[in-house]
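Chemist: Here you go, this is query13.cif (mmCIF, C-alpha atoms).
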```cif
data_input
loop_
_atom_site.label_atom_id
_atom_site.label_comp_id
_atom_site.auth_asym_id
_atom_site.auth_seq_id
_atom_site.Cartn_x
_atom_site.Cartn_y
_atom_site.Cartn_z
CA MET A 1 15.12 -11.41 24.23
CA ALA A 2 16.94 -8.67 22.37
CA ASN A 3 15.00 -7.04 19.55
CA ASP A 4 17.83 -5.02 18.05
CA MET A 5 19.74 -5.60 14.83
CA THR A 6 23.01 -4.39 13.37
CA ILE A 7 23.54 -4.60 9.63
CA THR A 8 27.21 -4.54 8.67
CA GLY A 9 28.32 -4.02 5.10
CA THR A 10 31.41 -3.07 3.17
CA LYS A 11 30.80 0.66 3.72
CA GLY A 12 29.79 0.64 7.38
CA CYS A 13 26.97 -0.43 9.64
CA VAL A 14 23.42 0.51 10.54
CA LYS A 15 21.86 -0.28 13.91
CA LEU A 16 18.17 -0.72 14.60
CA PRO A 17 18.34 -0.44 18.39
CA LYS A 18 14.83 -1.55 19.33
CA ASN A 19 11.93 -3.34 17.69
CA MET A 20 13.90 -4.10 14.54
CA TRP A 21 10.81 -5.23 12.61
CA CYS A 22 9.30 -1.74 12.87
CA PRO A 23 12.09 0.68 13.80
CA VAL A 24 11.48 4.30 14.68
CA ILE A 25 15.20 4.94 15.31
CA VAL A 26 18.06 4.11 12.94
CA GLU A 27 21.63 4.69 14.09
CA THR A 28 24.61 5.13 11.79
CA PRO A 29 28.16 6.05 12.81
CA GLU A 30 27.48 9.60 11.59
CA LYS A 31 23.94 10.26 12.80
CA THR A 32 20.84 8.93 14.54
CA TYR A 33 17.63 9.20 12.53
CA GLU A 34 14.19 9.24 14.12
CA PHE A 35 10.94 8.39 12.37
CA PRO A 36 8.03 9.27 14.66
CA LEU A 37 4.84 7.30 14.19
CA PRO A 38 1.42 8.89 13.75
CA ASP A 39 -0.87 9.10 16.74
CA THR A 40 -3.82 6.72 16.75
CA LYS A 41 -7.29 7.14 18.16
CA ALA A 42 -7.66 3.44 18.91
CA PRO A 43 -5.07 1.18 20.50
CA CYS A 44 -2.95 -0.99 18.21
CA ASN A 45 -2.54 -4.73 18.62
CA TYR A 46 1.21 -4.72 18.02
CA ILE A 47 4.12 -2.42 18.85
CA HIS A 48 4.44 0.38 16.29
CA SER A 49 1.76 -1.06 14.00
CA SER A 50 0.43 2.46 13.51
CA GLY A 51 3.29 2.79 10.99
CA LEU A 52 1.30 0.58 8.63
CA ARG A 53 -0.84 3.68 8.07
CA TYR A 54 1.83 5.01 5.69
CA GLU A 55 1.54 1.91 3.52
CA ALA A 56 -2.26 2.09 3.51
CA ILE A 57 -2.18 5.77 2.51
CA GLU A 58 0.16 5.01 -0.41
CA VAL A 59 -2.03 2.11 -1.61
CA ARG A 60 -5.06 4.43 -1.50
CA GLU A 61 -3.22 7.09 -3.50
CA CYS A 62 -2.17 4.54 -6.14
CA LEU A 63 -5.74 3.27 -6.43
CA LYS A 64 -7.09 6.81 -6.79
CA LYS A 65 -4.55 7.52 -9.55
CA GLY A 66 -5.20 4.19 -11.25
CA VAL A 67 -1.54 3.17 -11.12
CA LEU A 68 -0.38 -0.38 -10.49
CA GLU A 69 2.96 0.49 -8.91
CA SER A 70 4.05 2.96 -6.25
CA SER A 71 6.72 5.50 -7.14
CA ILE A 72 7.72 5.47 -3.45
CA MET A 73 8.30 1.69 -3.37
CA PRO A 74 8.39 0.33 -6.92
CA LEU A 75 8.24 -3.39 -7.67
CA GLU A 76 11.98 -3.51 -8.42
CA ASP A 77 12.74 -2.23 -4.90
CA SER A 78 10.32 -4.74 -3.35
CA ILE A 79 12.02 -7.59 -5.21
CA LYS A 80 15.48 -6.37 -4.18
CA LEU A 81 14.36 -6.15 -0.54
CA ALA A 82 12.99 -9.71 -0.70
CA GLU A 83 16.31 -10.91 -2.15
CA ILE A 84 18.25 -9.18 0.63
CA MET A 85 16.00 -10.72 3.28
CA ASP A 86 16.43 -14.16 1.66
CA GLU A 87 20.22 -13.72 1.77
CA ILE A 88 20.11 -12.66 5.43
CA ARG A 89 18.01 -15.70 6.33
CA GLN A 90 20.39 -17.98 4.39
CA GLN A 91 23.45 -16.50 6.12
CA ILE A 92 22.01 -16.95 9.61
CA GLY A 93 20.76 -20.45 8.90
CA VAL A 94 16.99 -19.93 8.75
CA LYS A 95 15.40 -22.74 6.77
CA HIS A 96 11.80 -22.90 5.54
CA GLU A 97 10.06 -26.23 5.23
CA ASP A 98 8.46 -26.92 1.86
#
```
Would you kindly transcribe this structure into structure tokens?

Modeler:
Amino acid sequence: MANDMTITGTKGCVKLPKNMWCPVIVETPEKTYEFPLPDTKAPCNYIHSSGLRYEAIEVRECLKKGVLESSIMPLEDSIKLAEIMDEIRQQIGVKHED
């Protein structure tokens, strides 16, 4: 099964060529971006799950600073991302049972 995704909008498209749920490569018409993952000492259970380290580090930093919201990924951005994902699911016909 293919694990790639292309997002097409009014200003162009973005392709996640492999493992779309945890991409390390993002392709645009102008450029290909690479986001290498950190090395791990122990094996991971899932492909590219070592990338979760970045989230854990940010949570730790927020806790140390006593802040309730990350400046890297503020609540407003999290809500917007959830809305976009809801719209994508609606457009492709994914339905959740209540």

Chemist: Check what the PyMOL selection byres ((chain A and resi 35) around 12) selects in the file above and give those residues as a list in words.

Modeler: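 So the PyMOL selection byres ((chain A and resi 35) around 12), applied here, picks out Leu16, Cys22, Pro23, Val24, Ile25, Val26, Glu27, Thr32, Tyr33, Glu34, Pro36, Leu37, Pro38, His48, Gly51 and Tyr54 of chain A.
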
Chemist: Set the distance at 10 Å and use all atoms listed in the file: which residues neighbour A:Glu61 once local chain neighbours fewer than 6 positions away are removed? I'd like the list as a VMD selection string.

Modeler: chain A and resid 55 67 70

Chemist: If you measure from atom CA of A:Ile88 to atom CA of A:Lys15, what distance in Å do you get, rounded to one decimal?

Modeler: 15.1 Å

Chemist: Out of A:Lys64, A:Lys95, A:Lys41, A:Lys11, which residue has the shortest atom-to-atom distance to A:Pro29 when counting only C-alpha atoms?

Modeler: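 Closest residue, counting only C-alpha atoms: A:Lys11.
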
Chemist: Atom CA of A:Lys18 and atom CA of A:Thr6, how far apart in Å?

Modeler: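 For atom CA of A:Thr6 relative to atom CA of A:Lys18, the distance reads 10.5 Å.
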
Chemist: Enter the distance from atom CA of A:Arg60 to atom CA of A:Met20, in Å, rounded to one decimal.

Modeler: 26.3 Å

Chemist: Kindly provide, as JSON, the centre and edge lengths (Å, one decimal) of an axis-aligned box around all atoms of stretch 41-47 of chain A given in the file, with 3 Å on each side.

Modeler:
```
{"center_x": -1.8, "center_y": 1.2, "center_z": 19.3, "size_x": 17.8, "size_y": 17.9, "size_z": 8.5}
```

Chemist: So that I can check the surroundings of stretch 56-58 of chain A, please list as a ChimeraX atom specification every protein, DNA and RNA residue that reaches within 12 Å of it, counting all atoms listed in the file and ignoring chain neighbours fewer than 6 positions away.

Modeler: /A:49-50,64-65,67-74

Chemist: Identify which of the residues A:Cys44, A:Ile84, A:Lys31, A:Ala2 lies closest to A:Val14, counting all atoms listed in the file when measuring atom-to-atom distances.

Modeler: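 Smallest distance to A:Val14 is found for A:Lys31.
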